[in-house]
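Notes follow once the structure below has been shown.
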Amino acid sequence: MDLGISGKRALVTASSKGLGRGCAEALAEAGVDLVLNARGEEALSATAQAIRDAHGVEVTVLAADIVSEEGRAAVLEAAGQVDILVTNAGGPPPGVWSDWSRDDFIAALEANMLTPIALMQAMLPGMMEKGWGRVVNITSQSVKAPIPALGLSNSARAGLTGFVAGTSRQVAQHGVTINNLLPGAHDTDRIDALDRAAANTQGTSLEDVRAAKFKTIPVRRYGTAAEFGRTCAFLCSQHAGYIVGQNILADGGGINATL
């Protein structure tokens, strides 16, 4: 399917690996020029070159901490006005409710709520002026069904979800759509680290941990960054102009809910 976005320009944050990279690669496959951001310069540059070689699109990179005001300002200056914005940031650490201080919550809010909001506030006016734009926020399945060990993430991402619910309906008349894409367990470095930690805690093997987790996922596997990325690219396409303010699960059916 031709997504109708060849020649558009996209900013994708936290895109040197994992789900962010999957989204960047899928957009490049559709002919979109990219601005990629992550904190690690080496991995970011390697990803950018791989995408250039594979798809022949223009790729600009800026290694910076998107959560800091200085880093975000540098990224926005390098990006200029874009047609597509994909926000992404690593989730806060797991724990239990009694572990977290006010500072922990502030850090989670900065990374997973306030930073994507700031990026949208920077890009939405230009999109509205042009009469076309796409925003996809990579959030978490936890906004549909909270994960007890991820209370910091549950809280921050729920706040972002509320912001998107109202804002998306205000900008839609200008040809701009905002949606959230909610990953479940995908085969990324983060899930690998979580599984290895669980294996160490439980005194069992990585294979046993994953076998148990696969039983809780109807498709009996983890998702891939590539299929997640193509879902993101569709939401950024010309065909998704009537999808507004939605929270779309990409979780293999893991959340057992009617709505």
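We label chains A, B, ... in the order they appear in the structure tokens, count residues from 1 in each chain, and number ligands from 1 in the order shown.
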
Residues within 10 Å of Glu207 in chain A, only C-alpha atoms, excluding chain neighbours under 5 positions, as a list in words: Asp195, Arg196, Ala199, Ala212 and Lys213 of chain A

Range 79-98 of chain A residues near range 114-126 of chain A within 9 Å, closest pair each, using only C-alpha atoms, as CSV:
residue,atom,partner,partner_atom,distance
A:Gly80,CA,A:Met123,CA,8.8
A:Gln81,CA,A:Gly126,CA,6.5
A:Val82,CA,A:Met123,CA,7.0
A:Asp83,CA,A:Met123,CA,8.4
A:Ile84,CA,A:Met123,CA,8.8
A:Leu85,CA,A:Met123,CA,7.8
A:Val86,CA,A:Pro116,CA,8.9
A:Thr87,CA,A:Pro116,CA,5.8
A:Asn88,CA,A:Pro116,CA,7.7
A:Ala89,CA,A:Pro116,CA,8.7

Contacts of Arg210 in chain A within 12 Å, only C-alpha atoms, excl. fewer than 2 positions in-chain, as a tab-separated table (two decimals) with N, CA and C atoms, in the first residue's frame:
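Saved to part_30.tsv:
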chain	number	residue	atom	x	y	z
A	185	ALA	N	4.41	-6.21	25.05
A	185	ALA	CA	5.78	-6.75	25.11
A	185	ALA	C	6.32	-6.95	23.70
A	186	HIS	N	7.41	-6.26	23.40
A	186	HIS	CA	8.08	-6.39	22.12
A	186	HIS	C	9.53	-6.82	22.33
A	187	ASP	N	10.08	-7.45	21.32
A	187	ASP	CA	11.44	-7.98	21.40
A	187	ASP	C	12.44	-6.84	21.24
A	191	ILE	N	12.80	-5.07	27.02
A	191	ILE	CA	12.14	-6.29	27.47
A	191	ILE	C	13.16	-7.37	27.78
A	192	ASP	N	14.27	-7.37	27.04
A	192	ASP	CA	15.33	-8.33	27.32
A	192	ASP	C	15.91	-8.10	28.71
A	193	ALA	N	16.12	-6.82	29.05
A	193	ALA	CA	16.67	-6.50	30.37
A	193	ALA	C	15.69	-6.88	31.47
A	194	LEU	N	14.40	-6.62	31.26
A	194	LEU	CA	13.39	-6.97	32.26
A	194	LEU	C	13.32	-8.48	32.45
A	195	ASP	N	13.39	-9.22	31.34
A	195	ASP	CA	13.32	-10.68	31.43
A	195	ASP	C	14.54	-11.26	32.13
A	196	ARG	N	15.69	-10.70	31.85
A	196	ARG	CA	16.91	-11.18	32.51
A	196	ARG	C	16.87	-10.88	34.01
A	197	ALA	N	16.36	-9.72	34.36
A	197	ALA	CA	16.23	-9.38	35.78
A	197	ALA	C	15.25	-10.33	36.47
A	198	ALA	N	14.16	-10.65	35.79
A	198	ALA	CA	13.18	-11.59	36.36
A	198	ALA	C	13.79	-12.97	36.53
A	199	ALA	N	14.59	-13.40	35.55
A	199	ALA	CA	15.24	-14.71	35.66
A	199	ALA	C	16.19	-14.76	36.85
A	204	THR	N	15.70	-18.72	37.79
A	204	THR	CA	15.36	-19.61	36.69
A	204	THR	C	16.04	-19.13	35.42
A	205	SER	N	15.74	-19.77	34.31
A	205	SER	CA	16.40	-19.41	33.06
A	205	SER	C	15.61	-18.35	32.30
A	206	LEU	N	16.30	-17.65	31.41
A	206	LEU	CA	15.64	-16.67	30.56
A	206	LEU	C	14.56	-17.33	29.71
A	207	GLU	N	14.85	-18.51	29.22
A	207	GLU	CA	13.90	-19.25	28.38
A	207	GLU	C	12.62	-19.56	29.15
A	208	ASP	N	12.77	-19.95	30.43
A	208	ASP	CA	11.58	-20.26	31.23
A	208	ASP	C	10.75	-19.01	31.50
A	212	ALA	N	6.85	-18.57	30.08
A	212	ALA	CA	5.72	-18.22	30.94
A	212	ALA	C	5.02	-16.96	30.44
A	213	LYS	N	5.80	-15.97	30.00
A	213	LYS	CA	5.19	-14.74	29.51
A	213	LYS	C	4.44	-14.96	28.20
A	214	PHE	N	4.98	-15.81	27.33
A	214	PHE	CA	4.30	-16.07	26.05
A	214	PHE	C	2.91	-16.67	26.29
A	215	LYS	N	2.75	-17.43	27.37
A	215	LYS	CA	1.45	-18.04	27.66
A	215	LYS	C	0.40	-16.98	27.99
A	216	THR	N	0.82	-15.78	28.38
A	216	THR	CA	-0.13	-14.72	28.72
A	216	THR	C	-0.48	-13.85	27.52
A	217	ILE	N	0.17	-14.11	26.39
A	217	ILE	CA	-0.06	-13.32	25.17
A	217	ILE	C	-0.77	-14.22	24.16
A	220	ARG	N	1.17	-15.73	21.48
A	220	ARG	CA	2.23	-16.61	22.00
A	220	ARG	C	3.63	-16.21	21.56
A	221	ARG	N	3.87	-14.91	21.47
A	221	ARG	CA	5.20	-14.41	21.13
A	221	ARG	C	5.26	-12.94	21.50
A	222	TYR	N	6.47	-12.38	21.44
A	222	TYR	CA	6.63	-10.95	21.54
A	222	TYR	C	6.40	-10.32	20.16

7 Å contact set for Leu36 in chain A, only C-alpha atoms, chain neighbours under 3 positions out, as a list in words: Leu11, Val12, Thr13, Ser15, Thr60, Val61 and Leu62 of chain A

Would you output that residue set with N, CA and C atoms, as a PDB file, in the first residue's frame?
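Full text of again-v4.pdb as output:
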ATOM      1  N   LEU A  11      10.063  13.915  12.588  1.00  0.00           N
ATOM      2  CA  LEU A  11      10.944  13.862  13.750  1.00  0.00           C
ATOM      3  C   LEU A  11      10.535  12.658  14.578  1.00  0.00           C
ATOM      4  N   VAL A  12      11.504  11.773  14.843  1.00  0.00           N
ATOM      5  CA  VAL A  12      11.254  10.586  15.665  1.00  0.00           C
ATOM      6  C   VAL A  12      12.261  10.608  16.813  1.00  0.00           C
ATOM      7  N   THR A  13      11.772  10.673  18.036  1.00  0.00           N
ATOM      8  CA  THR A  13      12.675  10.722  19.180  1.00  0.00           C
ATOM      9  C   THR A  13      12.949   9.313  19.713  1.00  0.00           C
ATOM     10  N   SER A  15      15.116   7.130  18.788  1.00  0.00           N
ATOM     11  CA  SER A  15      14.953   6.323  17.576  1.00  0.00           C
ATOM     12  C   SER A  15      16.204   5.573  17.137  1.00  0.00           C
ATOM     13  N   THR A  60      18.689  13.326   9.135  1.00  0.00           N
ATOM     14  CA  THR A  60      19.428  14.249   9.997  1.00  0.00           C
ATOM     15  C   THR A  60      19.446  13.665  11.402  1.00  0.00           C
ATOM     16  N   VAL A  61      20.586  13.752  12.077  1.00  0.00           N
ATOM     17  CA  VAL A  61      20.662  13.206  13.428  1.00  0.00           C
ATOM     18  C   VAL A  61      21.119  14.280  14.408  1.00  0.00           C
ATOM     19  N   LEU A  62      20.623  14.170  15.634  1.00  0.00           N
ATOM     20  CA  LEU A  62      21.103  15.022  16.707  1.00  0.00           C
ATOM     21  C   LEU A  62      21.056  14.229  18.007  1.00  0.00           C
TER      22      LEU A  62
END

Output as CSV one row per residue of range 44-143 of chain A within 8 Å of range 147-151 of chain A: the closest atom pair and its distance in Å to one decimal place, counting only C-alpha atoms, sorted by chain and residue number ascending.
residue,atom,partner,partner_atom,distance
A:Pro92,CA,A:Leu150,CA,7.6
A:Pro93,CA,A:Leu150,CA,7.2
A:Pro94,CA,A:Leu150,CA,4.9
A:Gly95,CA,A:Ala149,CA,5.0
A:Val96,CA,A:Ala149,CA,5.6
A:Trp97,CA,A:Gly151,CA,6.8
A:Ser142,CA,A:Ile147,CA,5.6

Kindly save the residues from that selection, with all heavy atoms included, as a PDB file, in the first residue's frame.
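Produced file result-v7.pdb, reproduced below:
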ATOM      1  N   PRO A  92      10.217   4.858  33.011  1.00  0.00           N
ATOM      2  CA  PRO A  92      10.884   4.913  34.310  1.00  0.00           C
ATOM      3  C   PRO A  92      11.059   3.511  34.893  1.00  0.00           C
ATOM      4  O   PRO A  92      10.421   2.559  34.440  1.00  0.00           O
ATOM      5  CB  PRO A  92       9.933   5.759  35.161  1.00  0.00           C
ATOM      6  CG  PRO A  92       8.612   5.660  34.491  1.00  0.00           C
ATOM      7  CD  PRO A  92       8.874   5.451  33.036  1.00  0.00           C
ATOM      8  N   PRO A  93      11.906   3.380  35.917  1.00  0.00           N
ATOM      9  CA  PRO A  93      12.191   2.056  36.459  1.00  0.00           C
ATOM     10  C   PRO A  93      10.995   1.461  37.196  1.00  0.00           C
ATOM     11  O   PRO A  93      10.142   2.196  37.710  1.00  0.00           O
ATOM     12  CB  PRO A  93      13.354   2.317  37.425  1.00  0.00           C
ATOM     13  CG  PRO A  93      13.219   3.757  37.790  1.00  0.00           C
ATOM     14  CD  PRO A  93      12.690   4.432  36.572  1.00  0.00           C
ATOM     15  N   PRO A  94      10.940   0.130  37.275  1.00  0.00           N
ATOM     16  CA  PRO A  94       9.866  -0.520  38.025  1.00  0.00           C
ATOM     17  C   PRO A  94      10.105  -0.421  39.525  1.00  0.00           C
ATOM     18  O   PRO A  94      11.179  -0.029  39.988  1.00  0.00           O
ATOM     19  CB  PRO A  94       9.950  -1.973  37.543  1.00  0.00           C
ATOM     20  CG  PRO A  94      11.393  -2.163  37.176  1.00  0.00           C
ATOM     21  CD  PRO A  94      11.843  -0.830  36.633  1.00  0.00           C
ATOM     22  N   GLY A  95       9.081  -0.777  40.271  1.00  0.00           N
ATOM     23  CA  GLY A  95       9.179  -0.772  41.722  1.00  0.00           C
ATOM     24  C   GLY A  95       7.805  -0.971  42.325  1.00  0.00           C
ATOM     25  O   GLY A  95       6.886  -1.469  41.668  1.00  0.00           O
ATOM     26  N   VAL A  96       7.651  -0.575  43.590  1.00  0.00           N
ATOM     27  CA  VAL A  96       6.347  -0.613  44.245  1.00  0.00           C
ATOM     28  C   VAL A  96       6.046   0.774  44.795  1.00  0.00           C
ATOM     29  O   VAL A  96       6.933   1.618  44.930  1.00  0.00           O
ATOM     30  CB  VAL A  96       6.297  -1.657  45.382  1.00  0.00           C
ATOM     31  CG1 VAL A  96       6.482  -3.065  44.837  1.00  0.00           C
ATOM     32  CG2 VAL A  96       7.357  -1.357  46.443  1.00  0.00           C
ATOM     33  N   TRP A  97       4.795   0.993  45.123  1.00  0.00           N
ATOM     34  CA  TRP A  97       4.329   2.344  45.470  1.00  0.00           C
ATOM     35  C   TRP A  97       5.136   2.972  46.604  1.00  0.00           C
ATOM     36  O   TRP A  97       5.337   4.192  46.624  1.00  0.00           O
ATOM     37  CB  TRP A  97       2.839   2.306  45.829  1.00  0.00           C
ATOM     38  CG  TRP A  97       2.538   1.437  47.025  1.00  0.00           C
ATOM     39  CD1 TRP A  97       2.232   0.115  47.026  1.00  0.00           C
ATOM     40  CD2 TRP A  97       2.542   1.843  48.399  1.00  0.00           C
ATOM     41  NE1 TRP A  97       2.038  -0.343  48.298  1.00  0.00           N
ATOM     42  CE2 TRP A  97       2.215   0.699  49.167  1.00  0.00           C
ATOM     43  CE3 TRP A  97       2.783   3.051  49.047  1.00  0.00           C
ATOM     44  CZ2 TRP A  97       2.130   0.731  50.548  1.00  0.00           C
ATOM     45  CZ3 TRP A  97       2.698   3.085  50.432  1.00  0.00           C
ATOM     46  CH2 TRP A  97       2.375   1.937  51.166  1.00  0.00           C
ATOM     47  N   SER A 142      -0.117   0.122  29.569  1.00  0.00           N
ATOM     48  CA  SER A 142      -0.494   0.391  30.955  1.00  0.00           C
ATOM     49  C   SER A 142      -1.573   1.457  31.080  1.00  0.00           C
ATOM     50  O   SER A 142      -2.209   1.566  32.134  1.00  0.00           O
ATOM     51  CB  SER A 142       0.732   0.800  31.772  1.00  0.00           C
ATOM     52  OG  SER A 142       1.231   2.057  31.363  1.00  0.00           O
TER      53      SER A 142
END

Leu34 in chain A environment, 9 Å, only C-alpha atoms, sequence neighbours closer than 3 positions dropped, as a ChimeraX atom specification: /A:8-12,24,27-28,48,57-61,79
